[in-house]
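S.K.: Input structure: protein_36.cif, which contains mmCIF, C-alpha atoms.
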```
data_final
#
loop_
_atom_site.label_atom_id
_atom_site.label_comp_id
_atom_site.auth_asym_id
_atom_site.auth_seq_id
_atom_site.Cartn_x
_atom_site.Cartn_y
_atom_site.Cartn_z
CA MET A 706 -112.44 -32.21 -194.86
CA SER A 707 -110.11 -33.81 -192.38
CA GLU A 708 -110.77 -37.32 -190.98
CA PRO A 709 -112.14 -37.67 -187.44
CA SER A 710 -109.37 -37.65 -184.84
CA ASP A 711 -110.49 -40.98 -183.19
CA THR A 712 -109.73 -42.90 -186.40
CA LYS A 713 -106.18 -41.57 -186.45
CA LYS A 714 -105.60 -42.57 -182.84
CA ARG A 715 -106.81 -46.20 -183.24
CA PRO A 716 -103.95 -48.69 -182.53
CA ARG A 717 -102.41 -50.02 -185.74
CA ASN A 718 -102.81 -53.78 -184.99
CA SER A 719 -106.53 -53.62 -184.48
CA GLN A 720 -107.06 -51.43 -187.53
CA LYS A 721 -108.84 -53.08 -190.47
CA LEU A 722 -107.03 -52.66 -193.78
CA SER A 723 -108.49 -49.79 -195.74
CA VAL A 724 -109.50 -50.33 -199.38
CA PRO A 725 -106.54 -48.39 -200.78
CA ARG A 726 -104.16 -50.36 -198.56
CA LYS A 727 -105.70 -53.64 -199.75
CA ARG A 728 -105.28 -52.48 -203.33
CA LYS A 729 -101.68 -51.59 -202.66
CA LEU A 730 -101.02 -55.00 -201.10
CA ALA A 731 -102.81 -56.80 -203.95
CA ARG A 732 -100.80 -54.81 -206.48
CA ALA A 733 -97.55 -55.67 -204.74
CA TRP A 734 -98.43 -59.39 -204.69
CA HIS A 735 -99.59 -59.23 -208.29
CA ARG A 736 -96.35 -57.60 -209.35
CA TRP A 737 -93.96 -59.95 -207.54
CA LEU A 738 -95.89 -63.14 -208.14
CA GLY A 739 -96.14 -62.16 -211.80
CA LEU A 740 -92.38 -61.75 -211.91
CA PHE A 741 -91.70 -65.19 -210.41
CA VAL A 742 -94.27 -66.96 -212.56
CA THR A 743 -93.12 -65.32 -215.80
CA VAL A 744 -90.37 -67.79 -216.71
CA PRO A 745 -92.28 -71.06 -216.08
CA LEU A 746 -95.37 -69.57 -217.67
CA LEU A 747 -93.52 -68.50 -220.80
CA TRP A 748 -91.96 -71.97 -221.00
CA LEU A 749 -95.36 -73.67 -220.67
CA ALA A 750 -96.88 -71.40 -223.31
CA ILE A 751 -94.06 -71.76 -225.86
CA SER A 752 -93.57 -75.51 -225.37
CA GLY A 753 -97.35 -76.06 -225.43
CA VAL A 754 -97.72 -74.28 -228.75
CA ALA A 755 -94.74 -76.21 -230.16
CA LEU A 756 -96.26 -79.53 -229.02
CA ASN A 757 -99.58 -78.65 -230.61
CA HIS A 758 -97.76 -78.30 -233.92
CA SER A 759 -95.17 -81.03 -233.46
CA ASP A 760 -95.97 -82.58 -236.86
CA ALA A 761 -95.52 -79.32 -238.73
CA LEU A 762 -92.36 -78.50 -236.80
CA GLY A 763 -90.97 -82.00 -237.39
CA LEU A 764 -90.32 -82.58 -233.70
CA ASP A 765 -90.70 -86.34 -234.13
CA GLN A 766 -87.87 -86.42 -236.61
CA HIS A 767 -85.42 -84.42 -234.51
CA ARG A 768 -83.51 -86.58 -232.06
CA VAL A 769 -81.99 -85.47 -228.79
CA THR A 770 -78.44 -86.70 -228.30
CA ALA A 771 -77.46 -85.17 -224.94
CA THR A 772 -76.00 -87.88 -222.71
CA TRP A 773 -78.01 -86.84 -219.63
CA VAL A 774 -81.25 -87.04 -221.62
CA LEU A 775 -80.38 -90.47 -223.00
CA ARG A 776 -79.44 -91.66 -219.51
CA HIS A 777 -82.67 -90.21 -218.11
CA TYR A 778 -84.68 -92.31 -220.56
CA HIS A 779 -82.46 -95.36 -220.04
CA GLN A 780 -81.46 -95.24 -223.68
CA LEU A 781 -77.82 -95.94 -223.01
CA PRO A 782 -77.20 -99.59 -222.36
CA GLU A 783 -76.08 -101.06 -219.07
CA GLY A 784 -74.27 -104.30 -218.40
CA GLU A 785 -71.83 -106.02 -220.73
CA PRO A 786 -72.31 -106.42 -224.48
CA VAL A 787 -71.85 -109.74 -226.25
CA GLY A 788 -71.22 -110.11 -229.93
CA MET A 789 -69.27 -111.52 -232.79
CA ARG A 790 -67.38 -110.42 -235.85
CA VAL A 791 -68.76 -111.66 -239.15
CA GLY A 792 -66.08 -110.57 -241.57
CA GLU A 793 -65.96 -106.80 -241.19
CA ARG A 794 -69.33 -106.57 -239.51
CA LEU A 795 -69.92 -106.42 -235.79
CA VAL A 796 -73.11 -108.05 -234.57
CA ALA A 797 -73.76 -107.42 -230.90
CA GLN A 798 -76.40 -107.43 -228.21
CA TRP A 799 -76.31 -104.96 -225.37
CA ASP A 800 -78.97 -104.51 -222.73
CA GLY A 801 -81.63 -106.10 -224.92
CA MET A 802 -80.74 -104.18 -228.10
CA ILE A 803 -79.46 -106.11 -231.11
CA LEU A 804 -76.99 -104.04 -233.09
CA LEU A 805 -75.27 -104.31 -236.44
CA ASP A 806 -72.18 -102.08 -236.58
CA GLY A 807 -73.76 -99.99 -233.85
CA GLU A 808 -77.10 -99.59 -235.64
CA ARG A 809 -80.07 -100.87 -233.74
CA LEU A 810 -82.04 -103.57 -235.53
CA ASP A 811 -85.76 -104.03 -235.20
CA MET A 812 -85.32 -107.38 -233.60
CA GLN A 813 -86.64 -108.74 -230.35
CA GLY A 814 -85.30 -111.61 -228.28
CA GLU A 815 -81.86 -112.88 -227.31
CA LEU A 816 -79.16 -112.79 -229.97
CA VAL A 817 -78.29 -116.32 -231.04
CA GLY A 818 -75.85 -115.81 -233.85
CA ALA A 819 -75.04 -114.44 -237.29
CA VAL A 820 -73.69 -116.14 -240.41
CA PRO A 821 -72.94 -115.03 -243.95
CA VAL A 822 -75.07 -116.81 -246.53
CA GLY A 823 -73.94 -115.92 -250.04
CA HIS A 824 -73.80 -112.15 -250.23
CA GLN A 825 -76.26 -111.81 -247.40
CA LEU A 826 -75.92 -111.71 -243.67
CA VAL A 827 -78.36 -113.71 -241.58
CA ILE A 828 -78.84 -112.65 -237.97
CA ALA A 829 -80.99 -114.64 -235.57
CA SER A 830 -82.42 -114.06 -232.14
CA ASP A 831 -84.30 -116.81 -230.35
CA GLU A 832 -87.56 -115.52 -231.90
CA ARG A 833 -86.67 -113.70 -235.15
CA LEU A 834 -84.42 -114.03 -238.14
CA LEU A 835 -83.29 -111.17 -240.37
CA VAL A 836 -81.76 -111.42 -243.81
CA ILE A 837 -79.66 -108.37 -244.58
CA GLY A 838 -78.42 -107.45 -248.02
CA GLY A 839 -75.22 -105.87 -249.19
CA ALA A 840 -76.47 -102.30 -248.84
CA ASP A 841 -77.48 -102.88 -245.21
CA GLU A 842 -81.03 -103.31 -246.39
CA VAL A 843 -83.32 -105.69 -244.52
CA ILE A 844 -84.38 -108.02 -247.30
CA LEU A 845 -86.53 -110.40 -245.34
CA GLU A 846 -87.75 -110.80 -241.82
CA HIS A 847 -88.93 -114.08 -240.37
CA ASP A 848 -90.85 -114.54 -237.16
CA GLU A 849 -92.84 -117.34 -235.60
CA ILE A 850 -95.15 -117.78 -238.63
CA SER A 851 -92.38 -118.47 -241.12
CA LEU A 852 -89.78 -120.17 -238.93
CA PRO A 853 -89.42 -123.69 -237.53
CA PRO A 854 -90.86 -124.14 -234.03
CA LEU A 855 -89.23 -121.54 -231.79
CA PRO A 856 -86.99 -120.83 -229.97
CA ILE A 857 -83.99 -120.71 -232.26
CA ALA A 858 -80.97 -122.10 -230.45
CA GLY A 859 -78.22 -121.85 -233.07
CA LEU A 860 -77.29 -120.70 -236.55
CA ALA A 861 -74.79 -122.17 -238.98
CA THR A 862 -74.12 -123.00 -242.61
CA ASP A 863 -73.38 -126.40 -244.08
CA GLN A 864 -70.68 -127.41 -246.55
CA ASP A 865 -72.89 -126.20 -249.45
CA GLY A 866 -73.33 -122.78 -247.85
CA ALA A 867 -76.98 -123.40 -246.99
CA LEU A 868 -78.42 -121.86 -243.88
CA LEU A 869 -78.94 -124.18 -240.95
CA VAL A 870 -81.13 -123.21 -238.04
CA LYS A 871 -81.03 -125.14 -234.81
CA THR A 872 -84.09 -125.25 -232.61
CA THR A 873 -84.58 -127.13 -229.38
CA GLN A 874 -86.11 -129.98 -231.44
CA SER A 875 -83.84 -130.33 -234.43
CA TRP A 876 -81.70 -128.76 -237.16
CA TRP A 877 -83.52 -127.21 -240.11
CA ARG A 878 -82.04 -126.57 -243.54
CA PHE A 879 -83.23 -123.54 -245.50
CA GLY A 880 -83.43 -123.39 -249.26
CA ARG A 881 -81.61 -120.83 -251.40
CA ASP A 882 -84.65 -118.52 -251.18
CA LEU A 883 -84.22 -118.48 -247.37
CA LEU A 884 -87.95 -119.07 -247.22
CA GLN A 885 -88.68 -122.77 -247.32
CA PHE A 886 -86.99 -125.12 -244.89
CA GLU A 887 -86.86 -128.81 -244.13
CA LYS A 888 -85.97 -130.82 -241.10
CA VAL A 889 -82.49 -132.34 -241.01
CA ASN A 890 -82.92 -135.77 -239.51
CA SER A 891 -79.39 -136.15 -238.19
CA THR A 892 -76.90 -133.63 -236.86
CA PRO A 893 -75.15 -132.03 -239.84
CA LYS A 894 -71.61 -133.32 -240.24
CA SER A 895 -69.94 -130.14 -241.36
CA VAL A 896 -71.25 -127.07 -239.63
CA SER A 897 -69.70 -123.63 -239.67
CA SER A 898 -70.84 -121.23 -236.97
CA LEU A 899 -69.25 -118.26 -235.23
CA PRO A 900 -68.82 -117.92 -231.48
CA LEU A 901 -70.77 -115.31 -229.52
CA GLY A 902 -68.77 -113.80 -226.67
CA PRO A 903 -67.93 -110.67 -224.65
CA LEU A 904 -66.66 -107.72 -226.68
CA PRO A 905 -63.17 -106.29 -226.13
CA GLU A 906 -63.07 -102.99 -224.19
CA ASP A 907 -62.19 -100.81 -227.21
CA GLU A 908 -65.07 -102.23 -229.26
CA LYS A 909 -67.41 -101.68 -226.32
CA LYS A 910 -66.32 -98.04 -226.12
CA GLN A 911 -66.79 -97.55 -229.86
CA LEU A 912 -70.23 -99.10 -229.66
CA LEU A 913 -71.25 -96.82 -226.78
CA ASN A 914 -70.10 -93.73 -228.68
CA ARG A 915 -72.04 -94.90 -231.71
CA LEU A 916 -75.18 -95.34 -229.61
CA LYS A 917 -74.75 -91.85 -228.15
CA ASP A 918 -74.37 -90.40 -231.64
CA MET A 919 -77.50 -92.12 -232.85
CA GLY A 920 -79.63 -90.53 -230.13
CA PHE A 921 -82.83 -92.49 -229.78
CA MET A 922 -85.07 -89.86 -228.16
CA PRO A 923 -87.38 -87.88 -230.41
CA LEU A 924 -87.50 -84.18 -229.54
CA SER A 925 -91.30 -84.27 -229.29
CA ARG A 926 -91.09 -86.79 -226.45
CA VAL A 927 -88.43 -84.83 -224.57
CA LEU A 928 -90.37 -81.60 -225.06
CA LEU A 929 -93.59 -83.19 -223.82
CA ASP A 930 -91.89 -84.38 -220.65
CA ALA A 931 -90.17 -81.03 -220.19
CA HIS A 932 -93.56 -79.32 -220.68
CA SER A 933 -95.18 -81.46 -218.00
CA GLY A 934 -92.12 -81.14 -215.75
CA LYS A 935 -91.53 -84.92 -215.65
CA LEU A 936 -88.12 -84.50 -217.26
CA PHE A 937 -86.82 -82.63 -214.21
CA GLY A 938 -88.22 -85.02 -211.62
CA SER A 939 -90.20 -83.85 -208.60
CA PHE A 940 -88.66 -80.34 -208.86
CA GLY A 941 -90.11 -79.95 -212.35
CA ARG A 942 -93.54 -81.04 -211.21
CA LEU A 943 -93.43 -78.67 -208.23
CA LEU A 944 -92.39 -75.80 -210.50
CA ASN A 945 -95.31 -76.56 -212.79
CA ASP A 946 -97.67 -76.68 -209.79
CA PHE A 947 -96.27 -73.35 -208.61
CA ALA A 948 -96.81 -71.80 -212.04
CA ALA A 949 -100.36 -73.18 -212.25
CA LEU A 950 -101.34 -72.02 -208.77
CA GLY A 951 -99.56 -68.72 -209.41
CA ILE A 952 -101.82 -68.14 -212.43
CA VAL A 953 -104.89 -68.79 -210.25
CA VAL A 954 -103.71 -66.30 -207.61
CA LEU A 955 -102.72 -63.75 -210.28
CA THR A 956 -106.17 -64.04 -211.83
CA ILE A 957 -107.90 -63.45 -208.48
CA LEU A 958 -105.63 -60.50 -207.68
CA GLY A 959 -106.10 -59.14 -211.16
CA LEU A 960 -109.88 -59.28 -210.77
CA ARG A 961 -109.60 -57.45 -207.44
CA LEU A 962 -107.50 -54.73 -209.08
CA PHE A 963 -109.75 -54.53 -212.13
CA PRO A 964 -112.44 -52.05 -210.84
CA LYS A 965 -111.48 -48.51 -211.73
CA ARG A 966 -110.17 -46.43 -208.85
CA ARG A 967 -112.37 -43.52 -207.85
CA GLU A 968 -110.91 -40.18 -208.89
CA GLY A 969 -110.48 -37.54 -206.21
CA ALA A 970 -110.34 -33.78 -206.51
CA ASN A 971 -108.01 -32.31 -209.15
CA GLY A 972 -107.74 -35.67 -210.87
CA ARG A 973 -105.89 -37.35 -207.98
CA ASN A 974 -107.20 -40.73 -206.96
CA ARG A 975 -108.35 -41.73 -203.52
CA THR A 976 -105.22 -43.74 -202.78
CA GLN A 977 -103.05 -40.72 -203.37
CA LEU A 978 -105.33 -38.60 -201.21
CA ASN A 979 -105.27 -41.10 -198.37
CA GLU A 980 -101.54 -41.52 -198.57
CA LYS A 981 -101.26 -37.80 -197.97
CA MET B 1105 -77.71 -96.35 -243.20
CA ALA B 1106 -80.77 -97.69 -244.90
CA PHE B 1107 -82.24 -99.31 -241.86
CA LEU B 1108 -82.31 -97.25 -238.73
CA LEU B 1109 -84.99 -99.28 -237.13
CA PHE B 1110 -86.26 -99.17 -233.63
CA GLY B 1111 -87.17 -102.09 -231.49
CA GLY B 1112 -89.54 -102.62 -228.58
CA SER B 1113 -90.72 -99.69 -226.53
CA ALA B 1114 -88.64 -98.56 -223.62
CA PHE B 1115 -91.77 -97.11 -222.03
CA GLY B 1116 -93.97 -100.08 -221.39
CA ALA B 1117 -94.57 -103.56 -222.65
CA PRO B 1118 -96.13 -103.99 -226.09
CA ARG B 1119 -99.79 -104.95 -226.14
CA VAL B 1120 -100.08 -108.26 -227.94
CA TYR B 1121 -103.67 -108.72 -229.08
CA GLN B 1122 -103.07 -111.81 -231.17
CA LYS B 1123 -100.07 -113.76 -232.37
CA PRO B 1124 -99.49 -113.25 -236.10
CA SER B 1125 -99.63 -117.02 -236.65
CA ASP B 1126 -103.02 -117.15 -234.91
CA PHE B 1127 -104.30 -114.37 -237.18
CA VAL B 1128 -103.17 -116.28 -240.28
CA ARG B 1129 -104.71 -119.48 -238.93
CA SER B 1130 -108.01 -117.78 -238.03
CA SER B 1131 -108.21 -116.04 -241.43
CA LEU B 1132 -107.22 -118.99 -243.62
CA GLY B 1133 -108.00 -122.00 -241.44
CA GLU B 1134 -104.36 -123.09 -241.46
CA ILE B 1135 -100.90 -121.66 -242.08
CA PRO B 1136 -100.09 -122.22 -245.77
CA ALA B 1137 -96.53 -122.08 -247.10
CA THR B 1138 -94.97 -118.65 -246.79
CA GLN B 1139 -94.66 -116.73 -250.03
CA VAL B 1140 -92.96 -113.40 -250.67
CA ILE B 1141 -93.32 -110.45 -252.95
CA GLN B 1142 -89.83 -109.30 -253.83
CA LEU B 1143 -90.34 -105.61 -254.47
CA SER B 1144 -88.93 -104.37 -257.77
CA ARG B 1145 -87.68 -100.79 -258.13
CA ALA B 1146 -91.00 -99.67 -259.60
CA GLN B 1147 -92.90 -101.39 -256.80
CA GLN B 1148 -90.58 -99.85 -254.19
CA LYS B 1149 -91.46 -96.47 -255.69
CA SER B 1150 -95.19 -97.17 -255.37
CA VAL B 1151 -94.72 -98.40 -251.80
CA ARG B 1152 -92.80 -95.22 -251.00
CA ALA B 1153 -95.67 -93.17 -252.44
CA ILE B 1154 -98.08 -94.97 -250.09
CA LEU B 1155 -95.97 -94.95 -246.93
CA GLY B 1156 -93.96 -91.80 -247.52
CA LYS B 1157 -90.83 -93.93 -247.09
CA ARG B 1158 -89.60 -97.39 -248.02
CA TYR B 1159 -91.02 -100.44 -246.28
CA LYS B 1160 -88.85 -101.99 -243.59
CA SER B 1161 -87.92 -104.96 -245.79
CA SER B 1162 -87.66 -105.34 -249.55
CA ALA B 1163 -89.39 -108.73 -249.55
CA ILE B 1164 -92.85 -108.89 -247.99
CA ARG B 1165 -94.32 -112.18 -246.81
CA TYR B 1166 -97.86 -113.32 -247.46
CA TRP B 1167 -99.99 -116.41 -247.05
CA GLN B 1168 -102.70 -117.42 -249.47
CA LYS B 1169 -105.55 -119.89 -249.60
CA LYS B 1170 -108.70 -120.08 -251.74
CA GLY B 1171 -108.27 -116.60 -253.14
CA LYS B 1172 -107.80 -115.00 -249.75
CA THR B 1173 -104.44 -113.45 -248.93
CA VAL B 1174 -103.10 -112.49 -245.54
CA PHE B 1175 -100.39 -109.89 -244.99
CA ILE B 1176 -98.73 -109.13 -241.69
CA LEU B 1177 -97.48 -105.58 -242.05
CA GLU B 1178 -95.71 -103.16 -239.76
CA GLU B 1179 -95.57 -99.39 -239.72
CA ILE B 1180 -94.42 -96.83 -237.18
CA GLY B 1181 -97.24 -94.90 -235.48
CA LYS B 1182 -95.25 -92.25 -233.70
CA THR B 1183 -92.03 -93.96 -232.65
CA GLU B 1184 -92.86 -97.67 -232.49
CA TYR B 1185 -94.05 -100.29 -234.94
CA ILE B 1186 -97.67 -101.33 -235.05
CA THR B 1187 -98.01 -104.92 -236.28
CA THR B 1188 -101.26 -105.40 -238.15
CA GLY B 1189 -102.83 -108.34 -239.95
CA PHE B 1190 -104.81 -107.77 -243.17
CA ALA B 1191 -106.91 -110.37 -244.95
CA VAL B 1192 -107.67 -109.37 -248.53
CA LYS B 1193 -110.03 -111.07 -250.97
CA ASN B 1194 -110.97 -110.02 -254.52
CA GLY B 1195 -109.25 -106.66 -254.12
CA LYS B 1196 -111.26 -105.83 -251.00
CA ILE B 1197 -110.22 -105.83 -247.38
CA ASP B 1198 -111.88 -108.73 -245.64
CA SER B 1199 -110.59 -108.16 -242.12
CA VAL B 1200 -108.08 -106.06 -240.22
CA LYS B 1201 -106.65 -106.74 -236.80
CA VAL B 1202 -104.01 -104.91 -234.82
CA LEU B 1203 -101.81 -107.71 -233.52
CA VAL B 1204 -99.08 -105.93 -231.56
CA TYR B 1205 -99.33 -102.31 -230.40
CA ARG B 1206 -96.13 -100.83 -228.98
CA GLU B 1207 -96.92 -97.10 -228.69
CA SER B 1208 -97.87 -95.61 -225.33
CA HIS B 1209 -100.86 -93.71 -226.79
CA GLY B 1210 -103.36 -94.47 -229.49
CA TRP B 1211 -104.17 -98.12 -228.75
CA GLU B 1212 -107.82 -97.28 -229.51
CA VAL B 1213 -107.06 -98.16 -233.14
CA ALA B 1214 -106.92 -101.79 -232.05
CA ARG B 1215 -110.61 -101.78 -231.14
CA VAL B 1216 -113.00 -103.59 -233.45
CA PRO B 1217 -115.31 -100.56 -234.01
CA PHE B 1218 -112.33 -98.81 -235.57
CA THR B 1219 -110.80 -101.68 -237.56
CA LYS B 1220 -114.15 -102.82 -238.98
CA GLN B 1221 -114.36 -99.52 -240.88
CA PHE B 1222 -111.77 -100.96 -243.29
CA ARG B 1223 -113.94 -103.93 -244.26
CA GLY B 1224 -114.86 -103.82 -247.93
CA ALA B 1225 -112.41 -101.00 -248.67
CA THR B 1226 -110.77 -101.06 -252.10
CA LEU B 1227 -107.93 -99.15 -253.65
CA LYS B 1228 -109.00 -96.19 -255.78
CA SER B 1229 -107.20 -95.37 -259.02
CA LYS B 1230 -105.17 -92.64 -257.29
CA GLY B 1231 -104.04 -95.02 -254.55
CA GLY B 1232 -106.42 -93.86 -251.83
CA LEU B 1233 -108.91 -96.00 -249.93
CA SER B 1234 -112.52 -96.16 -251.08
CA LYS B 1235 -113.59 -95.90 -247.43
CA GLN B 1236 -111.72 -93.43 -245.26
CA PRO B 1237 -111.75 -94.35 -241.55
CA ARG B 1238 -112.77 -91.70 -239.03
CA ASN B 1239 -109.97 -90.15 -237.05
CA ILE B 1240 -109.59 -90.82 -233.33
CA ALA B 1241 -108.54 -87.80 -231.28
CA GLY B 1242 -105.20 -88.54 -229.65
CA ALA B 1243 -104.50 -91.46 -231.97
CA THR B 1244 -104.08 -89.56 -235.24
CA LEU B 1245 -100.66 -91.01 -236.08
CA SER B 1246 -101.81 -94.56 -235.38
CA VAL B 1247 -104.91 -94.01 -237.55
CA ARG B 1248 -102.68 -92.72 -240.34
CA ALA B 1249 -100.31 -95.68 -239.95
CA LEU B 1250 -103.17 -98.19 -240.21
CA THR B 1251 -104.66 -96.38 -243.19
CA LYS B 1252 -101.30 -96.49 -244.98
CA LEU B 1253 -100.93 -100.19 -244.21
CA ALA B 1254 -104.44 -100.89 -245.53
CA ARG B 1255 -103.50 -99.16 -248.78
CA LEU B 1256 -100.24 -101.12 -248.87
CA ALA B 1257 -102.04 -104.44 -248.34
CA LEU B 1258 -104.40 -103.70 -251.23
CA TYR B 1259 -101.51 -102.60 -253.43
CA LEU B 1260 -99.52 -105.74 -252.64
CA GLU B 1261 -102.57 -107.89 -253.36
CA SER B 1262 -102.71 -106.34 -256.82
CA GLN B 1263 -99.00 -107.05 -257.38
CA LYS B 1264 -98.93 -110.77 -256.56
#
```
Kindly return the structure encoded in the file as structure tokens.
M.R.:
Amino acid sequence: MSEPSDTKKRPRNSQKLSVPRKRKLARAWHRWLGLFVTVPLLWLAISGVALNHSDALGLDQHRVTATWVLRHYHQLPEGEPVGMRVGERLVAQWDGMILLDGERLDMQGELVGAVPVGHQLVIASDERLLVIGGADEVILEHDEISLPPLPIAGLATDQDGALLVKTTQSWWRFGRDLLQFEKVNSTPKSVSSLPLGPLPEDEKKQLLNRLKDMGFMPLSRVLLDAHSGKLFGSFGRLLNDFAALGIVVLTILGLRLFPKRREGANGRNRTQLNEK
Amino acid sequence: MAFLLFGGSAFGAPRVYQKPSDFVRSSLGEIPATQVIQLSRAQQKSVRAILGKRYKSSAIRYWQKKGKTVFILEEIGKTEYITTGFAVKNGKIDSVKVLVYRESHGWEVARVPFTKQFRGATLKSKGGLSKQPRNIAGATLSVRALTKLARLALYLESQK
């Protein structure tokens, strides 16, 4: 049966969308939105699964070394390094980090100095003191509990090779075990200490390259921030929002398209019939 | 290099719950002379079995008075060190306190309801704890770190 002629003559603008036309529109939106959301959605799914199994995948152990990533996380130092040479070793501080031959030490505070004591190297900040052995092994770590009253203001050795620590109050002489100490009542007569100063340009460059090579950022952290979009700034967040809202719209459109189309005569559906 | 160690967090200030010296003072009444356990090769091996790696220093400090020993130990949770105080008496943990927490997540391990689970824990023959603390969702690595340190404190107490 043909449709009534008045329906055909109705002006197009005032015409309500027919069901098949709505389906067609929904399908078109579903298709194109799906295409645009595919890449961020796949990224979210894959990175999310990886983060859920970061232990098993060893993501904490892997370190990201890309310069832009390290700069993003402020892992490359700014400002000018200061340091000193203790024999072959370079002890330096740069942007808060205390470094031994470019390796970061677990040491807080401001670098005060470093001196060799026997076969060991003693490095002090104003609040900690590390004793480092021949194989670059931290033998002993002192903090406020096992040091003279802080802050440490200087480090030296006396004529017998004993460690001297200067605080704001006095000089303190450590025993051979580098554990017990006693107050030195007068200023030690013969003190050997090394000067702390700005590093030459070539040493600064070498140190920077070493820090880049070390790469402080664990992959799990970078992946988490990439997953949430934070790594890419406001663009990343917007892209994530787009993907999330896209999924909501796709779900709604998908539900609209879900009901089975009614079949017309000879197996053709109603849309096809209407299009004719 | 044997010591690739990482300092303070770049992503927020550390939470200092108590100064280590205050923990020693509150546990022992005063700060006795510092003593150290210089780890032998065999002891290093046992420590490695507990932590899954070597401890950050080969000599570990402790303070002792009237049979009670205090250790201030540090272990990495996820990427930063957690500084924890352990008071041990007669082979049992007497008290545990997280002193400095540097991680961005998982600070719940510093709460008393969590740390008090360690009280009375002893070291079993296979090196495990007699009392296993409950896990905290989102702080699994910190819970593991504290559990390892509790085992280490009990092991060190037996090695003095």
S.K.: For chain A, list the residues within 7 Å of chain B, counting all atoms listed in the file, and write the list as a list in words.
M.R.: Glu808, Arg809, Leu810, Asp811, Met812, Gln813, Asp841, Glu842, Val843, Ile844, Leu845, Glu849, Ile850 and Ser851 of chain A
S.K.: Using the chain letters and numbers from this file, what does the PyMOL selection byres ((chain B and resi 1232) around 12) select? Give the answer as a list in words.
M.R.: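 Listing what the PyMOL selection byres ((chain B and resi 1232) around 12) selects in the shown file: Ala1153, Ile1154, Leu1155, Ala1225, Thr1226, Leu1227, Lys1228, Ser1229, Lys1230, Gly1231, Leu1233, Ser1234, Lys1235, Gln1236, Pro1237, Thr1251, Lys1252, Leu1253, Ala1254, Arg1255, Leu1256, Ala1257, Leu1258 and Tyr1259 of chain B.
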S.K.: In the coordinate frame of the file, compute which residues have an atom within 10 Å of (-78.7, -103.9, -226.2) when using only C-alpha atoms, and state them as a list in words.
M.R.: Gln780, Leu781, Pro782, Glu783, Gly784, Glu785, Pro786, Val787, Ala797, Gln798, Trp799, Asp800, Gly801, Met802, Ile803, Leu804, Gly807, Arg809, Leu810, Glu815, Leu816 and Leu916 of chain A
S.K.: Using the chain letters and numbering of this document, enumerate as a PyMOL selection string the residues selected by the PyMOL selection byres ((chain A and resi 854-865) around 7).
M.R.: chain A and resi 817-820+830-832+849+852-853+866-873+895-898
S.K.: Please, what distance in Å, to one decimal, runs between CA of Gly1133 in chain B and CA of Gly1171 in chain B?
M.R.: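 The value is 12.9 Å.
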S.K.: Given the file above and the PyMOL selection byres ((chain A and resi 883) around 10), which residues are selected, and can you give them as a list in words?
M.R.: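 Taken on the displayed file, the PyMOL selection byres ((chain A and resi 883) around 10) yields the residues Val822, Val827, Val836, Leu845, His847, Ala867, Leu868, Arg878, Phe879, Gly880, Arg881, Asp882, Leu884, Gln885 and Phe886 of chain A.
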S.K.: Name all residues at most 12 Å from Met922 in chain A (count all atoms listed in the file; drop same-chain ones fewer than 4 positions away) and give them as a PDB file with C-alpha atoms, in the coordinates of the input.
M.R.:
```pdb
ATOM      1  CA  LEU A 764     -90.320 -82.580-233.700  1.00  0.00           C
ATOM      2  CA  ASP A 765     -90.700 -86.340-234.130  1.00  0.00           C
ATOM      3  CA  GLN A 766     -87.870 -86.420-236.610  1.00  0.00           C
ATOM      4  CA  HIS A 767     -85.420 -84.420-234.510  1.00  0.00           C
ATOM      5  CA  ARG A 768     -83.510 -86.580-232.060  1.00  0.00           C
ATOM      6  CA  VAL A 769     -81.990 -85.470-228.790  1.00  0.00           C
ATOM      7  CA  THR A 770     -78.440 -86.700-228.300  1.00  0.00           C
ATOM      8  CA  ALA A 771     -77.460 -85.170-224.940  1.00  0.00           C
ATOM      9  CA  THR A 772     -76.000 -87.880-222.710  1.00  0.00           C
ATOM     10  CA  TRP A 773     -78.010 -86.840-219.630  1.00  0.00           C
ATOM     11  CA  VAL A 774     -81.250 -87.040-221.620  1.00  0.00           C
ATOM     12  CA  LEU A 775     -80.380 -90.470-223.000  1.00  0.00           C
ATOM     13  CA  ARG A 776     -79.440 -91.660-219.510  1.00  0.00           C
ATOM     14  CA  HIS A 777     -82.670 -90.210-218.110  1.00  0.00           C
ATOM     15  CA  TYR A 778     -84.680 -92.310-220.560  1.00  0.00           C
ATOM     16  CA  HIS A 779     -82.460 -95.360-220.040  1.00  0.00           C
ATOM     17  CA  GLN A 780     -81.460 -95.240-223.680  1.00  0.00           C
ATOM     18  CA  LEU A 781     -77.820 -95.940-223.010  1.00  0.00           C
ATOM     19  CA  LEU A 916     -75.180 -95.340-229.610  1.00  0.00           C
ATOM     20  CA  LYS A 917     -74.750 -91.850-228.150  1.00  0.00           C
ATOM     21  CA  ASP A 918     -74.370 -90.400-231.640  1.00  0.00           C
ATOM     22  CA  ARG A 926     -91.090 -86.790-226.450  1.00  0.00           C
ATOM     23  CA  VAL A 927     -88.430 -84.830-224.570  1.00  0.00           C
ATOM     24  CA  LEU A 928     -90.370 -81.600-225.060  1.00  0.00           C
ATOM     25  CA  LEU A 929     -93.590 -83.190-223.820  1.00  0.00           C
ATOM     26  CA  ASP A 930     -91.890 -84.380-220.650  1.00  0.00           C
TER      27      ASP A 930
ATOM     28  CA  PHE B1110     -86.260 -99.170-233.630  1.00  0.00           C
ATOM     29  CA  SER B1113     -90.720 -99.690-226.530  1.00  0.00           C
ATOM     30  CA  ALA B1114     -88.640 -98.560-223.620  1.00  0.00           C
ATOM     31  CA  PHE B1115     -91.770 -97.110-222.030  1.00  0.00           C
ATOM     32  CA  LYS B1182     -95.250 -92.250-233.700  1.00  0.00           C
ATOM     33  CA  THR B1183     -92.030 -93.960-232.650  1.00  0.00           C
ATOM     34  CA  GLU B1184     -92.860 -97.670-232.490  1.00  0.00           C
TER      35      GLU B1184
END
```
